[in-house]
Structure formats: C-alpha cells, structure tokens
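Structure file coords_0.txt (compact mmCIF, N, CA and C atoms) is printed below.
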```txt
# COMPACT_ATOMS: atom_id res chain seq x y z
N MET B 735 27.21 95.32 152.82
CA MET B 735 26.54 96.54 153.14
C MET B 735 26.86 97.60 152.11
N TRP B 736 26.37 97.42 150.97
CA TRP B 736 26.64 98.30 149.84
C TRP B 736 26.03 99.69 149.98
N PHE B 737 24.95 99.84 150.74
CA PHE B 737 24.29 101.15 150.83
C PHE B 737 25.11 102.16 151.60
N TRP B 738 26.12 101.76 152.35
CA TRP B 738 26.96 102.73 153.07
C TRP B 738 27.85 103.51 152.11
N ASN B 739 28.18 102.94 150.99
CA ASN B 739 29.08 103.60 150.04
C ASN B 739 28.34 104.41 148.96
N ARG B 740 27.04 104.37 149.00
CA ARG B 740 26.27 105.13 148.01
C ARG B 740 26.45 106.62 148.21
N LYS B 741 26.52 107.34 147.09
CA LYS B 741 26.66 108.80 147.18
C LYS B 741 25.32 109.41 147.56
N LYS B 742 25.41 110.38 148.42
CA LYS B 742 24.21 111.10 148.81
C LYS B 742 23.90 112.18 147.78
N GLU B 743 22.62 112.51 147.64
CA GLU B 743 22.23 113.64 146.80
C GLU B 743 22.73 114.90 147.48
N PRO B 744 23.29 115.82 146.72
CA PRO B 744 23.78 117.05 147.34
C PRO B 744 22.62 117.86 147.91
N ASP B 745 22.85 118.41 149.09
CA ASP B 745 21.85 119.28 149.70
C ASP B 745 21.94 120.66 149.07
N ILE B 746 20.78 121.22 148.80
CA ILE B 746 20.76 122.60 148.30
C ILE B 746 20.59 123.50 149.50
N SER B 747 21.61 124.28 149.73
CA SER B 747 21.55 125.17 150.89
C SER B 747 20.68 126.37 150.57
N LEU B 748 20.35 127.11 151.59
CA LEU B 748 19.53 128.31 151.42
C LEU B 748 20.23 129.34 150.56
N THR B 749 21.54 129.45 150.66
CA THR B 749 22.26 130.43 149.86
C THR B 749 22.22 130.05 148.38
N GLN B 750 22.26 128.77 148.09
CA GLN B 750 22.18 128.35 146.69
C GLN B 750 20.80 128.64 146.12
N GLU B 751 19.76 128.48 146.93
CA GLU B 751 18.40 128.75 146.47
C GLU B 751 18.25 130.22 146.10
N LYS B 752 18.90 131.10 146.82
CA LYS B 752 18.79 132.52 146.53
C LYS B 752 19.40 132.86 145.17
N ASN B 753 20.37 132.08 144.72
CA ASN B 753 21.02 132.36 143.46
C ASN B 753 20.25 131.81 142.26
N LEU B 754 19.24 131.00 142.51
CA LEU B 754 18.44 130.48 141.42
C LEU B 754 17.62 131.62 140.82
N PRO B 755 17.44 131.63 139.50
CA PRO B 755 16.63 132.69 138.91
C PRO B 755 15.19 132.59 139.39
N GLN B 756 14.63 133.73 139.74
CA GLN B 756 13.26 133.74 140.22
C GLN B 756 12.31 133.84 139.04
N GLU B 757 11.13 133.28 139.21
CA GLU B 757 10.12 133.41 138.17
C GLU B 757 9.43 134.75 138.33
N PHE B 758 9.20 135.43 137.23
CA PHE B 758 8.61 136.76 137.26
C PHE B 758 7.12 136.67 137.55
N ASN B 759 6.65 137.53 138.44
CA ASN B 759 5.23 137.59 138.79
C ASN B 759 4.63 138.84 138.14
N PRO B 760 3.71 138.68 137.18
CA PRO B 760 3.17 139.84 136.47
C PRO B 760 2.14 140.64 137.26
N PHE B 761 1.81 140.21 138.48
CA PHE B 761 0.82 140.93 139.29
C PHE B 761 1.29 142.36 139.54
N GLY B 762 0.40 143.30 139.37
CA GLY B 762 0.72 144.69 139.67
C GLY B 762 0.98 145.55 138.45
N LEU B 763 0.83 144.99 137.24
CA LEU B 763 1.08 145.76 136.02
C LEU B 763 0.19 147.00 135.95
N HIS B 764 -1.09 146.86 136.29
CA HIS B 764 -2.00 148.01 136.21
C HIS B 764 -1.59 149.11 137.18
N ASP B 765 -1.06 148.75 138.33
CA ASP B 765 -0.58 149.78 139.26
C ASP B 765 0.57 150.57 138.65
N VAL B 766 1.48 149.87 137.97
CA VAL B 766 2.62 150.54 137.33
C VAL B 766 2.12 151.43 136.19
N LEU B 767 1.17 150.94 135.39
CA LEU B 767 0.65 151.74 134.28
C LEU B 767 -0.09 152.98 134.78
N HIS B 768 -0.83 152.84 135.89
CA HIS B 768 -1.48 154.02 136.50
C HIS B 768 -0.43 155.00 137.01
N TYR B 769 0.63 154.49 137.61
CA TYR B 769 1.72 155.34 138.09
C TYR B 769 2.33 156.13 136.93
N ILE B 770 2.61 155.44 135.83
CA ILE B 770 3.20 156.10 134.66
C ILE B 770 2.27 157.18 134.14
N LYS B 771 0.98 156.88 134.08
CA LYS B 771 0.02 157.87 133.58
C LYS B 771 -0.07 159.07 134.52
N ARG B 772 -0.12 158.81 135.82
CA ARG B 772 -0.27 159.88 136.81
C ARG B 772 1.00 160.73 136.93
N GLU B 773 2.15 160.09 136.99
CA GLU B 773 3.40 160.80 137.27
C GLU B 773 4.12 161.33 136.03
N ILE B 774 3.98 160.62 134.92
CA ILE B 774 4.72 160.98 133.72
C ILE B 774 3.80 161.56 132.65
N GLY B 775 2.52 161.20 132.71
CA GLY B 775 1.56 161.72 131.74
C GLY B 775 1.47 160.91 130.46
N VAL B 776 1.98 159.70 130.48
CA VAL B 776 1.94 158.84 129.29
C VAL B 776 0.96 157.70 129.57
N ASP B 777 -0.06 157.58 128.70
CA ASP B 777 -1.07 156.53 128.85
C ASP B 777 -0.66 155.34 127.99
N LEU B 778 -0.28 154.25 128.65
CA LEU B 778 0.21 153.06 127.94
C LEU B 778 -0.77 151.90 128.00
N PHE B 779 -2.00 152.15 128.45
CA PHE B 779 -2.95 151.05 128.59
C PHE B 779 -3.29 150.41 127.24
N SER B 780 -3.30 151.18 126.17
CA SER B 780 -3.63 150.62 124.86
C SER B 780 -2.48 149.78 124.29
N LYS B 781 -1.29 149.94 124.84
CA LYS B 781 -0.12 149.18 124.37
C LYS B 781 0.29 148.15 125.42
N ASN B 782 -0.69 147.58 126.07
CA ASN B 782 -0.48 146.71 127.21
C ASN B 782 0.53 145.59 126.96
N SER B 783 0.37 144.84 125.87
CA SER B 783 1.25 143.68 125.66
C SER B 783 2.67 144.11 125.33
N VAL B 784 2.83 145.18 124.55
CA VAL B 784 4.17 145.66 124.20
C VAL B 784 4.88 146.20 125.43
N ILE B 785 4.19 147.03 126.19
CA ILE B 785 4.82 147.65 127.36
C ILE B 785 5.07 146.62 128.45
N GLU B 786 4.22 145.60 128.54
CA GLU B 786 4.44 144.56 129.54
C GLU B 786 5.78 143.87 129.30
N THR B 787 6.08 143.56 128.05
CA THR B 787 7.35 142.91 127.72
C THR B 787 8.53 143.83 128.05
N LYS B 788 8.43 145.12 127.67
CA LYS B 788 9.50 146.07 127.95
C LYS B 788 9.72 146.23 129.45
N LEU B 789 8.62 146.34 130.19
CA LEU B 789 8.73 146.52 131.65
C LEU B 789 9.28 145.27 132.32
N LYS B 790 8.89 144.11 131.82
CA LYS B 790 9.39 142.86 132.41
C LYS B 790 10.90 142.77 132.24
N LEU B 791 11.40 143.06 131.04
CA LEU B 791 12.85 143.04 130.81
C LEU B 791 13.56 144.08 131.67
N PHE B 792 12.96 145.25 131.80
CA PHE B 792 13.50 146.32 132.65
C PHE B 792 13.61 145.82 134.09
N CYS B 793 12.54 145.21 134.58
CA CYS B 793 12.52 144.70 135.96
C CYS B 793 13.59 143.63 136.17
N GLU B 794 13.67 142.70 135.24
CA GLU B 794 14.64 141.61 135.40
C GLU B 794 16.07 142.13 135.40
N ARG B 795 16.36 143.16 134.60
CA ARG B 795 17.71 143.76 134.62
C ARG B 795 17.99 144.39 135.98
N LYS B 796 16.94 144.85 136.64
CA LYS B 796 17.08 145.49 137.95
C LYS B 796 16.93 144.48 139.10
N GLU B 797 16.75 143.21 138.74
CA GLU B 797 16.53 142.14 139.72
C GLU B 797 15.29 142.40 140.56
N ILE B 798 14.26 142.89 139.89
CA ILE B 798 12.94 143.08 140.48
C ILE B 798 12.05 142.04 139.80
N TYR B 799 11.40 141.20 140.59
CA TYR B 799 10.71 140.06 140.00
C TYR B 799 9.19 140.13 140.06
N SER B 800 8.65 141.34 140.18
CA SER B 800 7.21 141.53 140.02
C SER B 800 6.94 143.00 139.76
N PHE B 801 5.85 143.26 139.06
CA PHE B 801 5.46 144.65 138.82
C PHE B 801 5.08 145.33 140.12
N ARG B 802 4.56 144.56 141.05
CA ARG B 802 4.20 145.11 142.36
C ARG B 802 5.44 145.65 143.07
N LYS B 803 6.54 144.89 143.03
CA LYS B 803 7.80 145.34 143.65
C LYS B 803 8.34 146.57 142.93
N LEU B 804 8.19 146.61 141.60
CA LEU B 804 8.60 147.79 140.84
C LEU B 804 7.80 149.00 141.30
N PHE B 805 6.50 148.84 141.41
CA PHE B 805 5.63 149.93 141.85
C PHE B 805 6.06 150.44 143.22
N GLU B 806 6.34 149.53 144.13
CA GLU B 806 6.78 149.93 145.48
C GLU B 806 8.12 150.65 145.43
N ALA B 807 9.04 150.17 144.62
CA ALA B 807 10.37 150.79 144.52
C ALA B 807 10.28 152.19 143.91
N LEU B 808 9.36 152.39 142.98
CA LEU B 808 9.22 153.70 142.33
C LEU B 808 8.78 154.79 143.31
N GLN B 809 8.17 154.41 144.41
CA GLN B 809 7.67 155.39 145.37
C GLN B 809 8.80 156.16 146.05
N HIS B 810 9.99 155.58 146.09
CA HIS B 810 11.08 156.23 146.83
C HIS B 810 12.41 156.29 146.08
N ASP B 811 12.53 155.63 144.94
CA ASP B 811 13.80 155.56 144.22
C ASP B 811 13.75 156.48 142.99
N THR B 812 14.34 157.68 143.12
CA THR B 812 14.27 158.66 142.03
C THR B 812 15.11 158.23 140.82
N LYS B 813 16.19 157.52 141.04
CA LYS B 813 17.01 157.04 139.91
C LYS B 813 16.22 156.02 139.09
N LEU B 814 15.54 155.12 139.77
CA LEU B 814 14.72 154.11 139.10
C LEU B 814 13.58 154.80 138.33
N ARG B 815 13.00 155.83 138.93
CA ARG B 815 11.93 156.58 138.27
C ARG B 815 12.44 157.20 136.97
N GLN B 816 13.61 157.80 136.99
CA GLN B 816 14.16 158.42 135.79
C GLN B 816 14.45 157.37 134.72
N GLU B 817 14.94 156.22 135.12
CA GLU B 817 15.19 155.14 134.17
C GLU B 817 13.89 154.65 133.54
N LEU B 818 12.82 154.62 134.34
CA LEU B 818 11.51 154.23 133.81
C LEU B 818 11.01 155.28 132.81
N ILE B 819 11.19 156.56 133.13
CA ILE B 819 10.80 157.63 132.20
C ILE B 819 11.54 157.47 130.88
N ASP B 820 12.84 157.22 130.95
CA ASP B 820 13.64 157.02 129.74
C ASP B 820 13.15 155.82 128.93
N LEU B 821 12.67 154.79 129.62
CA LEU B 821 12.20 153.59 128.95
C LEU B 821 10.90 153.83 128.18
N VAL B 822 9.98 154.60 128.75
CA VAL B 822 8.65 154.72 128.15
C VAL B 822 8.45 155.97 127.29
N THR B 823 9.47 156.81 127.18
CA THR B 823 9.33 158.01 126.35
C THR B 823 10.26 157.93 125.15
N VAL B 824 9.98 158.75 124.16
CA VAL B 824 10.81 158.81 122.95
C VAL B 824 12.05 159.62 123.29
N ASN B 825 13.20 159.05 123.08
CA ASN B 825 14.46 159.69 123.46
C ASN B 825 15.28 160.13 122.25
N GLU B 826 14.60 160.43 121.17
CA GLU B 826 15.33 160.87 119.99
C GLU B 826 14.56 161.99 119.31
N THR B 827 15.28 162.85 118.66
CA THR B 827 14.67 163.93 117.89
C THR B 827 15.57 164.23 116.70
N TYR B 828 14.96 164.48 115.57
CA TYR B 828 15.71 164.86 114.38
C TYR B 828 14.75 165.51 113.40
N PHE B 829 15.29 166.22 112.43
CA PHE B 829 14.46 166.91 111.45
C PHE B 829 13.63 165.93 110.64
N TYR B 830 12.39 166.28 110.43
CA TYR B 830 11.43 165.50 109.64
C TYR B 830 11.19 164.11 110.21
N ARG B 831 11.31 163.97 111.52
CA ARG B 831 10.98 162.69 112.17
C ARG B 831 9.48 162.49 112.05
N GLU B 832 9.05 161.31 111.71
CA GLU B 832 7.64 160.98 111.50
C GLU B 832 7.04 161.93 110.45
N GLU B 833 7.66 161.96 109.28
CA GLU B 833 7.27 162.91 108.23
C GLU B 833 5.81 162.76 107.82
N SER B 834 5.28 161.55 107.82
CA SER B 834 3.87 161.37 107.44
C SER B 834 2.95 162.10 108.42
N GLN B 835 3.29 162.08 109.70
CA GLN B 835 2.49 162.81 110.68
C GLN B 835 2.64 164.32 110.50
N LEU B 836 3.85 164.76 110.19
CA LEU B 836 4.06 166.19 109.93
C LEU B 836 3.26 166.64 108.72
N ASN B 837 3.22 165.83 107.66
CA ASN B 837 2.43 166.17 106.47
C ASN B 837 0.95 166.31 106.80
N LEU B 838 0.43 165.41 107.62
CA LEU B 838 -0.98 165.51 108.03
C LEU B 838 -1.22 166.79 108.82
N ALA B 839 -0.31 167.12 109.71
CA ALA B 839 -0.45 168.35 110.50
C ALA B 839 -0.42 169.58 109.60
N VAL B 840 0.46 169.58 108.61
CA VAL B 840 0.56 170.71 107.68
C VAL B 840 -0.73 170.84 106.87
N GLU B 841 -1.23 169.73 106.34
CA GLU B 841 -2.48 169.76 105.57
C GLU B 841 -3.62 170.32 106.42
N PHE B 842 -3.72 169.87 107.64
CA PHE B 842 -4.76 170.35 108.54
C PHE B 842 -4.58 171.84 108.83
N ALA B 843 -3.36 172.25 109.13
CA ALA B 843 -3.07 173.64 109.49
C ALA B 843 -3.34 174.59 108.33
N LEU B 844 -3.09 174.15 107.10
CA LEU B 844 -3.29 175.01 105.93
C LEU B 844 -4.76 175.32 105.67
N GLU B 845 -5.66 174.54 106.25
CA GLU B 845 -7.09 174.80 106.10
C GLU B 845 -7.58 175.93 107.01
N ILE B 846 -6.74 176.36 107.94
CA ILE B 846 -7.09 177.42 108.89
C ILE B 846 -6.33 178.68 108.47
N PRO B 847 -7.04 179.80 108.24
CA PRO B 847 -6.38 181.00 107.71
C PRO B 847 -5.23 181.54 108.56
N SER B 848 -5.40 181.54 109.84
CA SER B 848 -4.35 182.03 110.74
C SER B 848 -4.25 181.03 111.89
N VAL B 849 -3.22 180.24 111.90
CA VAL B 849 -3.15 179.12 112.84
C VAL B 849 -2.02 179.33 113.84
N ARG B 850 -2.31 178.91 115.06
CA ARG B 850 -1.28 178.87 116.11
C ARG B 850 -1.12 177.41 116.52
N ILE B 851 0.12 176.95 116.55
CA ILE B 851 0.41 175.54 116.83
C ILE B 851 1.29 175.45 118.07
N LEU B 852 0.91 174.55 118.96
CA LEU B 852 1.73 174.25 120.13
C LEU B 852 2.33 172.87 119.91
N CYS B 853 3.62 172.77 119.94
CA CYS B 853 4.33 171.51 119.75
C CYS B 853 4.96 171.12 121.09
N ALA B 854 4.45 170.05 121.68
CA ALA B 854 4.95 169.65 123.00
C ALA B 854 4.95 168.13 123.10
N PRO B 855 5.87 167.56 123.80
CA PRO B 855 7.10 168.17 124.27
C PRO B 855 8.13 168.18 123.14
N CYS B 856 9.02 169.11 123.19
CA CYS B 856 10.11 169.12 122.22
C CYS B 856 11.40 169.42 122.97
N ALA B 857 12.40 168.64 122.70
CA ALA B 857 13.66 168.76 123.42
C ALA B 857 14.52 169.88 122.84
N THR B 858 14.92 169.72 121.60
CA THR B 858 15.81 170.71 120.99
C THR B 858 15.18 171.41 119.80
N GLY B 859 13.93 171.11 119.48
CA GLY B 859 13.19 171.89 118.50
C GLY B 859 13.17 171.40 117.07
N GLU B 860 13.75 170.24 116.77
CA GLU B 860 13.77 169.78 115.39
C GLU B 860 12.37 169.60 114.82
N GLU B 861 11.44 169.08 115.63
CA GLU B 861 10.07 168.90 115.15
C GLU B 861 9.42 170.24 114.84
N VAL B 862 9.64 171.23 115.70
CA VAL B 862 9.07 172.57 115.51
C VAL B 862 9.62 173.19 114.23
N TYR B 863 10.93 173.13 114.04
CA TYR B 863 11.54 173.69 112.84
C TYR B 863 11.10 172.94 111.59
N SER B 864 10.97 171.63 111.68
CA SER B 864 10.50 170.84 110.53
C SER B 864 9.10 171.27 110.12
N LEU B 865 8.22 171.39 111.09
CA LEU B 865 6.85 171.82 110.84
C LEU B 865 6.82 173.22 110.24
N SER B 866 7.62 174.10 110.78
CA SER B 866 7.69 175.48 110.29
C SER B 866 8.19 175.53 108.85
N MET B 867 9.23 174.78 108.53
CA MET B 867 9.76 174.77 107.16
C MET B 867 8.74 174.21 106.18
N MET B 868 8.03 173.16 106.60
CA MET B 868 7.03 172.56 105.72
C MET B 868 5.87 173.52 105.47
N LEU B 869 5.43 174.22 106.52
CA LEU B 869 4.37 175.20 106.35
C LEU B 869 4.83 176.37 105.49
N GLN B 870 6.04 176.82 105.70
CA GLN B 870 6.59 177.94 104.93
C GLN B 870 6.64 177.61 103.44
N GLU B 871 6.98 176.37 103.11
CA GLU B 871 7.06 175.95 101.70
C GLU B 871 5.69 175.90 101.03
N LYS B 872 4.64 175.54 101.79
CA LYS B 872 3.33 175.29 101.19
C LYS B 872 2.32 176.41 101.41
N LYS B 873 2.65 177.40 102.19
CA LYS B 873 1.65 178.42 102.54
C LYS B 873 1.38 179.38 101.39
N ARG B 874 0.19 179.98 101.44
CA ARG B 874 -0.18 181.03 100.49
C ARG B 874 0.30 182.36 101.05
N ASP B 875 0.29 183.39 100.22
CA ASP B 875 0.79 184.71 100.63
C ASP B 875 0.04 185.28 101.83
N SER B 876 -1.27 185.11 101.86
CA SER B 876 -2.06 185.70 102.94
C SER B 876 -2.10 184.83 104.21
N TYR B 877 -1.47 183.69 104.15
CA TYR B 877 -1.52 182.74 105.27
C TYR B 877 -0.52 183.14 106.36
N SER B 878 -0.97 183.05 107.61
CA SER B 878 -0.04 183.31 108.72
C SER B 878 -0.11 182.17 109.73
N PHE B 879 1.02 181.91 110.34
CA PHE B 879 1.06 180.86 111.35
C PHE B 879 2.12 181.20 112.39
N SER B 880 1.92 180.63 113.56
CA SER B 880 2.95 180.70 114.60
C SER B 880 3.03 179.34 115.27
N ILE B 881 4.23 178.96 115.62
CA ILE B 881 4.46 177.67 116.27
C ILE B 881 5.26 177.91 117.54
N THR B 882 4.77 177.35 118.63
CA THR B 882 5.48 177.43 119.90
C THR B 882 5.88 176.02 120.31
N GLY B 883 7.13 175.84 120.60
CA GLY B 883 7.61 174.54 121.07
C GLY B 883 7.97 174.63 122.55
N ILE B 884 7.48 173.68 123.31
CA ILE B 884 7.81 173.64 124.75
C ILE B 884 8.34 172.27 125.12
```
Spell out the structure here as structure tokens.
Amino acid sequence: MWFWNRKKEPDISLTQEKNLPQEFNPFGLHDVLHYIKREIGVDLFSKNSVIETKLKLFCERKEIYSFRKLFEALQHDTKLRQELIDLVTVNETYFYREESQLNLAVEFALEIPSVRILCAPCATGEEVYSLSMMLQEKKRDSYSFSITGI
C-alpha cells in the first residue's frame, strides 16, 4: 500500500492567498484623470500612457490594486490626495528653469509695447525673477513691463 506514504500537496490557506501579489486592474483610469482635472486643475489626458504608468506604481506602493479603488479612496483620504498632487505636479523651481520656454516668452513679450505678465503657479518666484531679468536685459528704453507671480 504505497499510496498511504505519498506526500500530500500542501493546502493553500485563505491567509496565504491574501499575501499573494494581486494583479492590477486598470479599470477606472478615466475617473482618476477626471478627478485630477476637476480637483487639481491639471489635464493629463494627453499624457495617458505616461501618467498611467506613474499612477499604477503609485497605487501599488499604496497597496491599491485598481484605479477605481484609488478614485474611491481619494474621496475621503486627504493625505492620499496630497500625495497624488505631489505626484502629478512639478515639485521643483530654480532660476532659468526651462530656459527655451522663457526665451520664447521673452520674444513674444518684446513685441508688445507695454506688457503685463501673470506667472502662475510659482512657489518661490524663481521663474518670475528669471523672466524679469531676461526682459530687463533685452528691453528697449521705451519698453515697459510688469510681472505678477502667484
């Protein structure tokens, strides 16, 4: 009776199943993107594939395994909301950041005799000061400008 001594396959208990990594469900991405646009003011629909990867990694670090669950959690979790804001916004500022864009703005502004510029959002003002210094260097004597950073 050799079959009595055979080893049994180990049973996978329910607790062990919970520890298995879950497969991510991408359903609900558009709800999250609409939430970001409505609540934060950032439209990420054109960067769908890039933001999907970033959001998926964000969710997995938080042990959230679908965009739908993320959307539901954002409705009541202010800490999670702030972490999402930090993820999708630029969190750095320095003088002459994105200099090519600043040069285009200066060229455009110099075509207007008296220009008022609103720079938003700006955290500590490096972009505003950079733009101001660049305009100051290139302006004509009769040229006037004002820049407001918010």
Filtered DSSP result for segment 775-872 of chain B, state alpha helix (DSSP H), as a ChimeraX atom specification
/B:782-795,801-808,812-822,833-844,860-872
In terms of the shortest atom-to-atom distance over only C-alpha atoms, which of B:Thr812, B:Ser878, B:Thr827, B:Asn782 is closest to Cys856 of chain B?
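Distance minimum relative to Cys856 of chain B lands on B:Thr827.
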Enumerate the residues of chain B with a DSSP assignment of strand (DSSP E), computed from the backbone, and present them as a list in words.
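DSSP-assigned strand (DSSP E) residues in chain B: Ser848, Val849, Arg850, Ile851, Leu852, Cys853, Ser878, Phe879, Ser880, Ile881, Thr882 and Gly883 of chain B.
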Near segment 793-797 of chain B, counting only C-alpha atoms, which residues have an atom at most 10 Å away, once you skip same-chain residues fewer than 4 positions from it, shown as a list in words?
Pro755, Gln756, Glu757, Phe758, Thr787, Lys788, Leu789, Phe801, Lys803, Leu804, Leu814 and Leu818 of chain B
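Distance-wise, atom CA of Leu763 of chain B and atom CA of Asn825 of chain B end up 23.0 Å apart.
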Pairwise distance, atom C of Glu832 of chain B with atom N of Ser866 of chain B, equals 12.2 Å
Output of segment 817-855 of chain B limited to C-alpha atoms, as a PDB file, in the first residue's frame:
```
ATOM      1  CA  GLU B 817       0.456  62.584  -2.290  1.00  0.00           C
ATOM      2  CA  LEU B 818      -1.354  62.408  -5.641  1.00  0.00           C
ATOM      3  CA  ILE B 819      -0.953  66.184  -6.092  1.00  0.00           C
ATOM      4  CA  ASP B 820       2.774  65.846  -5.397  1.00  0.00           C
ATOM      5  CA  LEU B 821       2.979  63.033  -7.952  1.00  0.00           C
ATOM      6  CA  VAL B 822       1.332  64.888 -10.848  1.00  0.00           C
ATOM      7  CA  THR B 823       2.732  68.395 -10.343  1.00  0.00           C
ATOM      8  CA  VAL B 824       6.196  69.868 -10.815  1.00  0.00           C
ATOM      9  CA  ASN B 825       7.865  69.991  -7.419  1.00  0.00           C
ATOM     10  CA  GLU B 826      10.968  71.931  -8.296  1.00  0.00           C
ATOM     11  CA  THR B 827      11.836  75.514  -9.076  1.00  0.00           C
ATOM     12  CA  TYR B 828      15.107  77.205  -9.915  1.00  0.00           C
ATOM     13  CA  PHE B 829      16.393  80.163 -11.903  1.00  0.00           C
ATOM     14  CA  TYR B 830      16.191  79.802 -15.682  1.00  0.00           C
ATOM     15  CA  ARG B 831      14.297  76.510 -15.463  1.00  0.00           C
ATOM     16  CA  GLU B 832      13.044  75.601 -18.954  1.00  0.00           C
ATOM     17  CA  GLU B 833      15.144  78.386 -20.476  1.00  0.00           C
ATOM     18  CA  SER B 834      13.933  77.680 -24.022  1.00  0.00           C
ATOM     19  CA  GLN B 835      10.352  78.366 -22.909  1.00  0.00           C
ATOM     20  CA  LEU B 836      11.450  81.526 -21.106  1.00  0.00           C
ATOM     21  CA  ASN B 837      13.204  82.721 -24.284  1.00  0.00           C
ATOM     22  CA  LEU B 838      10.018  82.205 -26.298  1.00  0.00           C
ATOM     23  CA  ALA B 839       8.010  84.124 -23.707  1.00  0.00           C
ATOM     24  CA  VAL B 840      10.527  86.992 -23.772  1.00  0.00           C
ATOM     25  CA  GLU B 841      10.491  87.151 -27.592  1.00  0.00           C
ATOM     26  CA  PHE B 842       6.703  87.245 -27.583  1.00  0.00           C
ATOM     27  CA  ALA B 843       6.539  89.834 -24.780  1.00  0.00           C
ATOM     28  CA  LEU B 844       9.032  92.155 -26.505  1.00  0.00           C
ATOM     29  CA  GLU B 845       6.642  92.502 -29.455  1.00  0.00           C
ATOM     30  CA  ILE B 846       4.104  94.213 -27.167  1.00  0.00           C
ATOM     31  CA  PRO B 847       4.993  97.827 -26.212  1.00  0.00           C
ATOM     32  CA  SER B 848       3.685  97.640 -22.661  1.00  0.00           C
ATOM     33  CA  VAL B 849       3.121  94.115 -21.414  1.00  0.00           C
ATOM     34  CA  ARG B 850       1.701  92.674 -18.225  1.00  0.00           C
ATOM     35  CA  ILE B 851       2.579  89.057 -17.472  1.00  0.00           C
ATOM     36  CA  LEU B 852       0.941  86.708 -14.999  1.00  0.00           C
ATOM     37  CA  CYS B 853       3.161  83.807 -13.966  1.00  0.00           C
ATOM     38  CA  ALA B 854       1.221  81.044 -12.242  1.00  0.00           C
ATOM     39  CA  PRO B 855       1.703  78.957 -10.284  1.00  0.00           C
TER      40      PRO B 855
END
```
